[in-house]
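S.K.: One file is attached below, run-v7.tsv, containing TSV, C-alpha atoms and all ligand atoms.
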chain	number	residue	atom	x	y	z
N	30	VAL	CA	71.34	56.84	177.82
N	31	ALA	CA	72.01	58.44	174.44
N	32	LYS	CA	68.94	60.69	174.43
N	33	PRO	CA	66.28	62.08	176.74
N	34	ALA	CA	64.02	59.31	178.09
N	35	ALA	CA	61.18	60.37	175.83
N	36	ARG	CA	60.79	62.64	172.83
N	37	THR	CA	61.11	66.35	173.56
N	38	ILE	CA	57.63	66.87	172.15
N	39	ASP	CA	55.05	64.26	171.21
N	40	TRP	CA	51.33	63.66	170.60
N	41	VAL	CA	49.78	61.23	173.06
N	42	ASP	CA	46.03	60.60	173.51
N	43	ASP	CA	45.04	63.78	171.66
N	44	ALA	CA	47.31	65.95	173.82
N	45	ILE	CA	50.84	67.36	173.57
N	46	VAL	CA	53.41	65.84	175.88
N	47	ALA	CA	56.60	67.90	176.13
N	48	ILE	CA	59.54	68.14	178.47
N	49	ASP	CA	59.56	71.37	180.49
N	50	GLN	CA	62.85	72.92	179.38
N	51	THR	CA	62.82	75.61	182.06
N	52	LEU	CA	63.36	72.90	184.71
N	53	LEU	CA	66.39	71.31	183.05
N	54	PRO	CA	69.01	70.25	183.95
N	55	GLY	CA	67.63	69.79	187.46
N	56	ASP	CA	64.34	68.04	186.83
N	57	GLU	CA	63.07	66.00	183.89
N	58	VAL	CA	59.36	66.83	184.00
N	59	TYR	CA	56.93	66.22	181.15
N	60	LEU	CA	53.96	68.55	180.65
N	61	GLN	CA	50.66	67.32	179.31
N	62	ILE	CA	49.07	70.17	177.36
N	63	ARG	CA	45.46	69.92	176.19
N	64	ASP	CA	44.56	73.48	175.19
N	65	VAL	CA	45.97	76.22	173.00
N	66	GLU	CA	46.28	78.91	175.69
N	67	THR	CA	48.43	76.65	177.88
N	68	LEU	CA	50.56	75.80	174.84
N	69	ALA	CA	50.95	79.48	173.90
N	70	GLU	CA	52.11	80.25	177.45
N	71	ALA	CA	54.55	77.32	177.39
N	72	ILE	CA	56.03	78.68	174.16
N	73	ARG	CA	56.29	82.27	175.42
N	74	THR	CA	58.05	81.14	178.60
N	75	LEU	CA	60.39	78.75	176.69
N	76	ARG	CA	59.11	75.61	178.39
N	77	ILE	CA	58.77	74.55	174.75
N	78	ARG	CA	61.43	76.12	172.52
N	79	GLY	CA	63.94	75.65	169.69
N	80	ALA	CA	63.06	76.31	166.06
N	81	MET	CA	62.16	72.74	165.08
N	82	GLY	CA	60.31	72.12	168.33
N	83	LEU	CA	58.31	75.28	167.71
N	84	GLY	CA	57.38	74.07	164.21
N	85	VAL	CA	56.04	70.82	165.63
N	86	ALA	CA	54.35	72.61	168.54
N	87	GLY	CA	52.65	75.07	166.19
N	88	GLY	CA	51.20	72.29	164.09
N	89	LEU	CA	50.17	70.18	167.09
N	90	GLY	CA	48.62	73.27	168.68
N	91	VAL	CA	46.21	73.61	165.77
N	92	ALA	CA	45.44	69.89	166.19
N	93	LEU	CA	44.72	70.45	169.90
N	94	ALA	CA	42.15	73.12	169.03
N	95	ILE	CA	40.48	70.82	166.52
N	96	ARG	CA	40.19	67.95	168.99
N	97	ARG	CA	38.87	70.16	171.82
N	98	ALA	CA	36.27	71.69	169.46
N	99	GLN	CA	35.14	68.23	168.32
N	100	GLU	CA	34.78	67.10	171.95
N	101	ALA	CA	32.73	70.19	172.79
N	102	GLY	CA	30.55	69.97	169.70
N	103	ALA	CA	31.99	73.29	168.46
N	104	ASP	CA	33.18	74.20	164.96
N	105	PRO	CA	36.68	72.71	164.40
N	106	VAL	CA	37.33	74.91	161.37
N	107	ARG	CA	36.78	78.06	163.39
N	108	ALA	CA	38.79	76.65	166.32
N	109	ALA	CA	41.74	75.85	164.01
N	110	ALA	CA	41.73	79.38	162.60
N	111	ASP	CA	41.63	80.93	166.08
N	112	ALA	CA	44.44	78.66	167.29
N	113	ALA	CA	46.58	79.53	164.26
N	114	ASP	CA	46.13	83.19	165.12
N	115	VAL	CA	47.03	82.81	168.81
N	116	LEU	CA	50.05	80.58	168.19
N	117	ALA	CA	51.46	82.82	165.44
N	118	ARG	CA	51.67	85.65	167.99
N	119	THR	CA	53.73	83.74	170.59
N	120	ARG	CA	57.24	84.23	169.20
N	121	PRO	CA	58.24	86.08	166.02
N	122	THR	CA	61.60	84.81	164.79
N	123	ALA	CA	61.63	81.04	164.14
N	124	ALA	CA	60.25	80.42	160.63
N	125	ASN	CA	59.41	76.83	161.57
N	126	LEU	CA	56.67	77.94	163.98
N	127	PHE	CA	54.76	79.64	161.17
N	128	ARG	CA	55.36	76.77	158.74
N	129	GLY	CA	54.01	74.20	161.22
N	130	ILE	CA	50.92	76.30	161.96
N	131	GLU	CA	50.24	77.07	158.28
N	132	ARG	CA	50.68	73.49	157.17
N	133	VAL	CA	48.14	72.08	159.60
N	134	HIS	CA	45.75	75.00	159.17
N	135	ALA	CA	45.82	74.48	155.37
N	136	ALA	CA	45.06	70.76	155.84
N	137	VAL	CA	41.77	71.64	157.57
N	138	ALA	CA	40.38	71.97	154.03
N	139	ASP	CA	40.66	68.14	153.84
N	140	GLY	CA	38.73	67.72	157.09
N	141	PRO	CA	39.59	67.95	160.80
N	142	ASP	CA	40.98	64.42	161.05
N	143	ALA	CA	43.25	64.99	158.05
N	144	ALA	CA	44.57	68.14	159.72
N	145	VAL	CA	45.34	66.26	162.95
N	146	ALA	CA	47.10	63.55	160.91
N	147	THR	CA	49.17	66.25	159.16
N	148	ALA	CA	50.20	67.64	162.55
N	149	VAL	CA	51.30	64.21	163.76
N	150	GLU	CA	53.34	63.74	160.56
N	151	LEU	CA	55.46	66.76	161.53
N	152	ILE	CA	56.95	64.69	164.37
N	153	ALA	CA	58.44	61.94	162.19
N	154	GLU	CA	59.43	64.45	159.51
N	155	ASP	CA	61.49	66.41	162.03
N	156	VAL	CA	63.34	63.28	163.16
N	157	ALA	CA	64.04	62.26	159.54
N	158	ALA	CA	65.20	65.74	158.49
N	159	ASN	CA	67.54	66.17	161.42
N	160	THR	CA	68.99	62.68	161.05
N	161	ALA	CA	69.82	63.47	157.41
N	162	ILE	CA	71.29	66.85	158.38
N	163	GLY	CA	73.54	65.20	160.95
N	164	GLU	CA	75.01	62.72	158.46
N	165	ARG	CA	75.40	65.31	155.68
N	166	GLY	CA	77.02	67.78	158.05
N	167	ALA	CA	79.46	65.15	159.31
N	168	ASP	CA	80.33	64.23	155.69
N	169	LEU	CA	80.96	67.88	154.85
N	170	LEU	CA	83.18	68.41	157.89
N	171	GLY	CA	85.12	65.29	156.95
N	172	GLU	CA	85.86	66.98	153.60
N	173	LEU	CA	86.52	70.47	154.93
N	174	LEU	CA	88.89	69.25	157.62
N	175	ALA	CA	90.54	66.49	155.55
N	176	GLY	CA	94.26	66.13	155.99
N	177	GLY	CA	94.14	67.43	159.54
N	178	ARG	CA	94.04	65.60	162.80
N	179	GLU	CA	91.86	62.57	163.52
N	180	THR	CA	89.68	64.40	166.05
N	181	PHE	CA	88.40	67.95	166.14
N	182	VAL	CA	87.32	70.62	168.59
N	183	ALA	CA	83.93	72.18	167.84
N	184	LEU	CA	82.28	75.35	169.10
N	185	THR	CA	78.50	75.60	169.36
N	186	HIS	CA	76.08	78.20	170.64
N	187	CYS	CA	72.70	77.96	172.37
N	188	ASN	CA	70.91	74.63	171.96
N	189	ALA	CA	70.30	73.15	168.54
N	190	GLY	CA	70.00	69.63	169.88
N	191	ALA	CA	67.27	67.07	170.46
N	192	LEU	CA	65.71	69.55	172.88
N	193	ALA	CA	65.28	72.06	170.04
N	194	GLY	CA	63.37	69.48	168.00
N	195	VAL	CA	61.80	66.07	168.61
N	196	ASP	CA	64.69	63.71	169.35
N	197	VAL	CA	67.55	64.57	167.02
N	198	GLY	CA	69.11	68.01	166.80
N	199	THR	CA	70.57	70.02	163.92
N	200	ALA	CA	73.95	71.39	165.08
N	201	LEU	CA	74.13	68.72	167.79
N	202	GLY	CA	72.92	66.18	165.22
N	203	VAL	CA	76.05	66.98	163.20
N	204	ILE	CA	78.18	66.69	166.33
N	205	ALA	CA	76.50	63.38	167.29
N	206	ALA	CA	77.12	61.94	163.81
N	207	LEU	CA	80.76	63.06	163.89
N	208	HIS	CA	81.10	61.63	167.39
N	209	HIS	CA	79.82	58.24	166.17
N	210	ARG	CA	82.57	58.37	163.56
N	211	GLY	CA	85.11	58.83	166.38
N	212	ARG	CA	86.10	62.31	165.24
N	213	VAL	CA	85.03	64.61	168.07
N	214	GLY	CA	87.83	65.53	170.46
N	215	GLU	CA	85.84	68.10	172.39
N	216	VAL	CA	82.85	70.40	172.07
N	217	LEU	CA	82.98	73.86	173.62
N	218	ALA	CA	79.43	74.89	174.49
N	219	CYS	CA	78.74	78.60	174.98
N	220	GLU	CA	76.55	79.21	178.04
N	221	THR	CA	74.27	81.51	175.97
N	222	ARG	CA	73.24	84.48	178.07
N	223	PRO	CA	70.69	85.38	179.24
N	224	LEU	CA	68.62	82.17	179.46
N	225	LEU	CA	71.55	79.74	179.43
N	226	GLN	CA	70.26	77.25	176.87
N	227	GLY	CA	73.89	76.26	176.21
N	228	ALA	CA	74.78	75.68	179.86
N	229	ARG	CA	71.50	74.10	180.93
N	230	LEU	CA	70.44	72.20	177.81
N	231	THR	CA	73.37	71.62	175.46
N	232	CYS	CA	75.68	70.37	178.23
N	233	TRP	CA	72.85	68.09	179.48
N	234	GLU	CA	72.49	66.63	176.00
N	235	LEU	CA	76.22	66.29	175.31
N	236	ALA	CA	76.64	64.36	178.57
N	237	ARG	CA	73.89	61.95	177.48
N	238	LEU	CA	75.49	61.55	174.08
N	239	GLY	CA	78.81	60.74	175.77
N	240	VAL	CA	80.55	63.64	173.99
N	241	ASN	CA	83.57	65.19	175.71
N	242	HIS	CA	82.64	68.81	176.34
N	243	SER	CA	83.42	71.98	178.27
N	244	LEU	CA	81.22	74.93	179.09
N	245	ILE	CA	82.53	78.43	178.34
N	246	VAL	CA	81.11	81.91	178.80
N	247	ASP	CA	79.99	83.42	175.50
N	248	SER	CA	82.70	86.07	175.59
N	249	ALA	CA	85.47	83.45	175.84
N	250	ALA	CA	84.68	82.03	172.41
N	251	ALA	CA	86.39	84.61	170.16
N	252	GLY	CA	89.62	84.42	172.14
N	253	LEU	CA	89.74	80.63	171.93
N	254	VAL	CA	88.94	80.70	168.21
N	255	GLY	CA	91.62	83.37	167.68
N	256	ARG	CA	94.19	81.24	169.55
N	257	GLY	CA	93.58	78.36	167.15
N	258	GLU	CA	91.95	76.14	169.77
N	259	ILE	CA	88.82	75.46	167.74
N	260	ASP	CA	88.55	73.64	164.38
N	261	PHE	CA	85.01	74.56	163.37
N	262	VAL	CA	81.83	76.28	164.52
N	263	VAL	CA	78.43	74.64	164.04
N	264	VAL	CA	75.15	76.30	164.98
N	265	GLY	CA	71.46	75.95	164.22
N	266	ALA	CA	69.16	78.60	162.77
N	267	ASP	CA	65.80	80.13	163.55
N	268	ARG	CA	65.23	81.71	160.15
N	269	ILE	CA	67.34	81.82	156.99
N	270	ALA	CA	66.68	84.58	154.45
N	271	ALA	CA	66.63	83.97	150.69
N	272	ASN	CA	70.17	85.37	150.32
N	273	GLY	CA	71.56	83.04	153.00
N	274	ASP	CA	71.65	85.49	155.94
N	275	VAL	CA	71.03	83.48	159.11
N	276	ALA	CA	69.09	84.50	162.23
N	277	ASN	CA	70.16	82.46	165.24
N	278	LYS	CA	70.45	82.96	169.00
N	279	VAL	CA	72.06	86.26	169.95
N	280	GLY	CA	75.84	85.88	170.06
N	281	THR	CA	76.07	83.76	166.92
N	282	PHE	CA	77.27	86.65	164.73
N	283	SER	CA	80.33	87.15	166.98
N	284	HIS	CA	81.30	83.50	166.55
N	285	ALA	CA	81.02	83.86	162.76
N	286	LEU	CA	83.28	86.92	162.79
N	287	ALA	CA	85.84	85.07	164.89
N	288	ALA	CA	85.64	82.03	162.59
N	289	GLN	CA	86.29	84.19	159.55
N	290	TYR	CA	89.28	85.82	161.25
N	291	ALA	CA	90.73	82.42	162.10
N	292	GLY	CA	89.85	80.85	158.73
N	293	ILE	CA	87.85	77.97	160.22
N	294	PRO	CA	84.53	76.62	158.85
N	295	PHE	CA	81.33	78.18	160.17
N	296	LEU	CA	78.46	75.77	159.47
N	297	VAL	CA	74.75	76.33	159.86
N	298	ALA	CA	72.61	73.19	160.23
N	299	ALA	CA	68.87	73.62	159.68
N	300	PRO	CA	65.93	71.96	157.95
N	301	GLU	CA	64.55	73.40	154.70
N	302	MET	CA	61.55	74.55	156.74
N	303	THR	CA	63.76	77.22	158.34
N	304	ILE	CA	64.46	78.89	154.98
N	305	ASP	CA	62.06	81.77	154.39
N	306	ALA	CA	61.94	82.74	150.73
N	307	GLY	CA	59.69	85.64	151.77
N	308	CYS	CA	62.61	87.35	153.52
N	309	PRO	CA	65.00	88.64	150.83
N	310	ASP	CA	67.77	89.22	153.36
N	311	GLY	CA	68.41	89.30	157.08
N	312	SER	CA	67.12	92.84	157.52
N	313	SER	CA	63.55	91.59	156.97
N	314	ILE	CA	63.76	88.85	159.63
N	315	PRO	CA	61.76	89.88	162.72
N	316	ILE	CA	64.02	89.76	165.76
N	317	GLU	CA	62.34	89.01	169.09
N	318	GLU	CA	63.04	91.49	171.90
N	319	ARG	CA	62.45	89.80	175.23
N	320	ALA	CA	61.87	91.29	178.69
N	321	ALA	CA	64.60	93.47	180.18
N	322	ASP	CA	64.61	91.52	183.46
N	323	GLU	CA	66.19	88.54	181.68
N	324	VAL	CA	69.26	90.81	181.38
N	325	THR	CA	69.06	92.83	184.60
N	326	GLN	CA	68.69	89.72	186.78
N	327	PHE	CA	70.56	86.48	187.14
N	328	ALA	CA	68.58	83.51	188.49
N	329	GLY	CA	65.98	85.93	189.86
N	330	VAL	CA	68.53	88.17	191.64
N	331	SER	CA	69.06	91.76	190.41
N	332	THR	CA	72.54	92.29	189.03
N	333	ALA	CA	72.13	95.89	187.82
N	334	PRO	CA	71.10	99.18	189.43
N	335	PRO	CA	67.33	99.51	189.91
N	336	GLY	CA	65.63	101.10	186.91
N	337	VAL	CA	68.52	100.55	184.49
N	338	ARG	CA	67.45	100.29	180.83
N	339	ALA	CA	68.36	97.05	179.09
N	340	ARG	CA	68.18	95.73	175.54
N	341	ASN	CA	67.39	92.06	175.09
N	342	PRO	CA	67.35	90.98	171.44
N	343	ALA	CA	66.98	87.19	171.51
N	344	PHE	CA	68.57	86.67	168.07
N	345	ASP	CA	71.10	88.22	165.72
N	346	VAL	CA	71.71	87.92	162.00
N	347	THR	CA	74.91	86.47	160.58
N	348	PRO	CA	75.48	87.74	157.03
N	349	ALA	CA	75.70	85.05	154.35
N	350	GLU	CA	79.30	85.96	153.53
N	351	LEU	CA	80.41	84.68	156.92
N	352	VAL	CA	78.68	81.30	156.49
N	353	THR	CA	80.84	78.54	155.00
N	354	ALA	CA	77.81	76.35	154.29
N	355	ILE	CA	74.20	75.76	155.24
N	356	VAL	CA	73.42	72.06	155.63
N	357	THR	CA	69.79	70.95	155.22
N	358	GLU	CA	68.16	67.52	154.89
N	359	ARG	CA	68.30	67.91	151.11
N	360	ARG	CA	71.49	69.79	150.26
N	361	VAL	CA	74.62	71.67	151.18
N	362	ILE	CA	74.17	75.33	150.31
N	363	ARG	CA	77.25	77.41	149.76
N	364	THR	CA	76.05	80.92	149.07
N	365	ALA	CA	77.78	82.99	146.40
N	366	ALA	CA	78.61	85.52	149.10
N	367	GLY	CA	80.19	82.82	151.25
N	368	GLU	CA	82.34	81.64	148.32
N	369	ARG	CA	83.64	85.18	147.75
N	370	ALA	CA	84.63	85.72	151.32
N	371	ALA	CA	87.69	83.50	151.49
N	372	PRO	CA	89.15	84.18	154.91
N	373	SER	CA	92.32	86.24	154.82
N	374	ARG	CA	94.97	86.15	157.51
N	375	GLU	CA	97.11	88.85	155.97
N	376	ARG	CA	98.27	91.38	158.54
N	377	ILE	CA	98.60	95.10	157.91
N	378	PRO	CA	101.90	96.32	159.37
N	379	VAL	CA	101.39	99.00	162.00
N	380	ALA	CA	105.01	99.78	162.71
B	401	LIG	O1	65.03	81.08	172.14
B	401	LIG	P1	65.17	79.63	171.77
B	401	LIG	O2	65.79	78.80	172.83
B	401	LIG	O3	63.91	79.04	171.19
B	401	LIG	O4	66.23	79.78	170.61
B	401	LIG	C1	66.36	78.96	169.55
B	401	LIG	C2	67.66	78.29	169.63
B	401	LIG	O5	67.80	77.41	170.43
B	401	LIG	C3	68.78	78.65	168.81
B	401	LIG	O6	68.77	79.89	168.24
B	401	LIG	C4	69.07	77.52	167.88
B	401	LIG	O7	70.34	77.59	167.41
B	401	LIG	C5	68.11	77.41	166.74
B	401	LIG	S1	66.95	76.18	167.07
B	401	LIG	C6	67.70	74.76	166.43
Take the structure in this file and express it as structure tokens.
M.R.:
Amino acid sequence: VAKPAARTIDWVDDAIVAIDQTLLPGDEVYLQIRDVETLAEAIRTLRIRGAMGLGVAGGLGVALAIRRAQEAGADPVRAAADAADVLARTRPTAANLFRGIERVHAAVADGPDAAVATAVELIAEDVAANTAIGERGADLLGELLAGGRETFVALTHCNAGALAGVDVGTALGVIAALHHRGRVGEVLACETRPLLQGARLTCWELARLGVNHSLIVDSAAAGLVGRGEIDFVVVGADRIAANGDVANKVGTFSHALAAQYAGIPFLVAAPEMTIDAGCPDGSSIPIEERAADEVTQFAGVSTAPPGVRARNPAFDVTPAELVTAIVTERRVIRTAAGERAAPSRERIPVA
């Protein structure tokens, strides 16, 4: 099986059907969600997650509210506005969530059925965008790594695969396209503390894609990059600022620093929808802080002294100058900052 049995998120009989990502890799269970509150809870608890998946969920959530209001003889315009408000307060960082909500909410002006149709369009658009990103990213890597070996070792972080969208991923879309070209030797997947999207989800997907892969702890990545064991890094994005700074799952910035040190490409794969022209740079991207117990516990068991304070930022910002290129469904963006920062391997003598 090359992909999950069904789409990660879909619209069936006026309801959302989505795989429960908190149960993977153990159980493949699909949720049927018919109301906005249940959807909001599924988003907050990461049953539904990933930037592209959140964009689709946001739009479909507004559609859910419209359909339930129509069935109850209530005002669908009011219901759509209320749903947009509730869903926009579930998670702050992924730009796609807000884009999906806004797009469907704006379409209410053309009538409730037009808004539902707009929401359903988001599903096919996500598949098309990510398919294009995968091919373009594989082309770019072919150029960047030309003259080297036939197959490459990639590093990725968190889960930017089919599970982060509808049924094709961004970073894993690039890896899948490269794999189909016979050019992937191995993928090293970072486990991605604290919620283990890399261990639980990315490894599950890579196995289904038939890609040779190994799981590593996040802190092993820099050492392996520094030892020359990795040819490129590819990650997704949750929000990209106008200057090219990239917010992605916490830990991404460290991989970018290591990639610069080693002089290997650091690629970001994301749809245009992830770019937020309203954020001039990374400092204006809202970074989600999640509950401390995600850090102080492991699989429900306390791993720190009782009462210890913990910080749990879910994302970090990689400055544009560390990004070799951003690949979208329309273009390859090489920021001016990225062009300036040619990696240097010069050593300063200390003795
Ligand atoms: O907290 P999540 O699981 O919703 O985080 C999002 C991510 O999976 C990553 O940051 C990813 O690289 C961007 S989504 C393609």
S.K.: Go through the chains and note each residue within 6 Å of ligand LIG 401 (chain B), using all atoms listed in the file, then give the set as a ChimeraX atom specification.
M.R.: /N:78-80,187-189,193,264-267,277-278
S.K.: At a cut-off of 8 Å, using only C-alpha atoms, what residues contact region 248-263 of chain N? Leave out same-chain residues fewer than 3 positions from it and give the result as a PDB file with C-alpha atoms, keeping the file's coordinate frame.
M.R.:
ATOM      1  CA  PHE N 181      88.400  67.950 166.140  1.00  0.00           C
ATOM      2  CA  VAL N 182      87.320  70.620 168.590  1.00  0.00           C
ATOM      3  CA  ALA N 183      83.930  72.180 167.840  1.00  0.00           C
ATOM      4  CA  LEU N 184      82.280  75.350 169.100  1.00  0.00           C
ATOM      5  CA  THR N 185      78.500  75.600 169.360  1.00  0.00           C
ATOM      6  CA  HIS N 186      76.080  78.200 170.640  1.00  0.00           C
ATOM      7  CA  ALA N 200      73.950  71.390 165.080  1.00  0.00           C
ATOM      8  CA  CYS N 219      78.740  78.600 174.980  1.00  0.00           C
ATOM      9  CA  ILE N 245      82.530  78.430 178.340  1.00  0.00           C
ATOM     10  CA  SER N 283      80.330  87.150 166.980  1.00  0.00           C
ATOM     11  CA  HIS N 284      81.300  83.500 166.550  1.00  0.00           C
ATOM     12  CA  ALA N 285      81.020  83.860 162.760  1.00  0.00           C
ATOM     13  CA  ALA N 287      85.840  85.070 164.890  1.00  0.00           C
ATOM     14  CA  ALA N 288      85.640  82.030 162.590  1.00  0.00           C
ATOM     15  CA  TYR N 290      89.280  85.820 161.250  1.00  0.00           C
ATOM     16  CA  ALA N 291      90.730  82.420 162.100  1.00  0.00           C
ATOM     17  CA  ILE N 293      87.850  77.970 160.220  1.00  0.00           C
ATOM     18  CA  PRO N 294      84.530  76.620 158.850  1.00  0.00           C
ATOM     19  CA  PHE N 295      81.330  78.180 160.170  1.00  0.00           C
ATOM     20  CA  LEU N 296      78.460  75.770 159.470  1.00  0.00           C
ATOM     21  CA  VAL N 297      74.750  76.330 159.860  1.00  0.00           C
ATOM     22  CA  ALA N 298      72.610  73.190 160.230  1.00  0.00           C
TER      23      ALA N 298
END
S.K.: What does the distance between CA of Glu70 (chain N) and CA of Ala191 (chain N) come to in Å, to one decimal place?
M.R.: 21.3 Å
S.K.: Using all atoms listed in the file, can you tell me which of N:Val213, N:Ala328, N:Val352, N:Ala136 comes closest to Ala148 (chain N)?
M.R.: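 Comparing N:Val213, N:Ala328, N:Val352, N:Ala136 against Ala148 (chain N), the winner is N:Ala136.
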S.K.: Sorted by chain and rising residue number, which residues of region 217-336 of chain N lie within 9 Å of region 155-163 of chain N, and what are their closest atom pairs and distances in Å to one decimal, counting all atoms listed in the file, as a tab-separated table?
M.R.:
residue	atom	partner	partner_atom	distance
N:Ala298	CA	N:Ile162	CA	6.7
N:Ala299	CA	N:Ile162	CA	7.3
N:Pro300	CA	N:Ala158	CA	6.3
N:Glu301	CA	N:Ala158	CA	8.6
S.K.: Nearest to Val216 (chain N) among N:Ala98, N:Val337, N:Ala228, N:Val240, with distances taken over only C-alpha atoms: which residue is it?
M.R.: N:Val240
S.K.: Which value, in Å to one decimal, gives the distance between CA of Arg120 (chain N) and CA of Ile152 (chain N)?
M.R.: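 Answer for the CA of Arg120 (chain N) to CA of Ile152 (chain N) separation: 20.1 Å.
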S.K.: Given 5 Å of margin on each side, can you work out the centre and size in Å (one decimal) of an axis-aligned box holding every listed atom of region 122-133 of chain N, as JSON?
M.R.:
{"center_x": 54.9, "center_y": 78.4, "center_z": 161.0, "size_x": 23.5, "size_y": 22.7, "size_z": 17.6}
S.K.: Can you work out the spacing between CA of Ile77 (chain N) and CA of Gly102 (chain N) in Å, to one decimal?
M.R.: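 CA of Gly102 (chain N) lies 29.0 Å from CA of Ile77 (chain N).
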S.K.: What lies within 9 Å of Leu235 (chain N) using all atoms listed in the file, ignoring chain neighbours under 4 positions off, as JSON, numbers by chain?
M.R.: {"N": [31, 190, 201, 205, 216, 230, 231, 239, 240, 241, 242]}
S.K.: Quick one: residues within 12 Å of Ile304 (chain N), only C-alpha atoms counted, chain neighbours fewer than 4 positions away excluded, as an NGL selection string?
M.R.: :N and (80 or 122-128 or 265-276 or 297-300 or 308-311 or 314 or 355-358 or 362)
S.K.: Which residue is closest to Leu217 (chain N)? Choose from N:Leu286, N:Ala153, N:Ile204, N:Leu244 and count all atoms listed in the file.
M.R.: N:Leu244
S.K.: Please determine, counting all atoms listed in the file, which residue among N:Ala109, N:Asp114, N:Arg73, N:Ala103 has the shortest atom-to-atom distance to Val133 (chain N).
M.R.: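 Nearest to Val133 (chain N): N:Ala109.
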S.K.: Which of these residues is nearest to Gly211 (chain N), using only C-alpha atoms: N:Ala167, N:Leu225, N:Leu174, N:Leu60?
M.R.: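 Looking at the shortest contact to Gly211 (chain N), the residue is N:Ala167.
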S.K.: Do you know which residues are at most 9 Å from Leu151 (chain N) counting all atoms listed in the file, after dropping those on the same chain fewer than 3 positions away, and could you put them as a list in words?
M.R.: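 Once the adjacent positions are removed, what remains is Gly84, Val85, Gly88, Leu89, Gly129, Ala146, Thr147, Ala148, Glu154, Asp155 and Val156 of chain N.
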S.K.: Using only C-alpha atoms, pick whichever of N:Ala101, N:Ala117, N:Met81, N:Ala354 has the shortest atom-to-atom distance to Leu68 (chain N).
M.R.: N:Ala117
S.K.: Identify, on the basis of all atoms listed in the file, every residue whose closest approach to Ala339 (chain N) does not exceed 10 Å; exclude the query and any residue fewer than 4 positions from it along the same chain; express the result as an MDAnalysis selection string.
M.R.: chainID N and resid 320:325 333
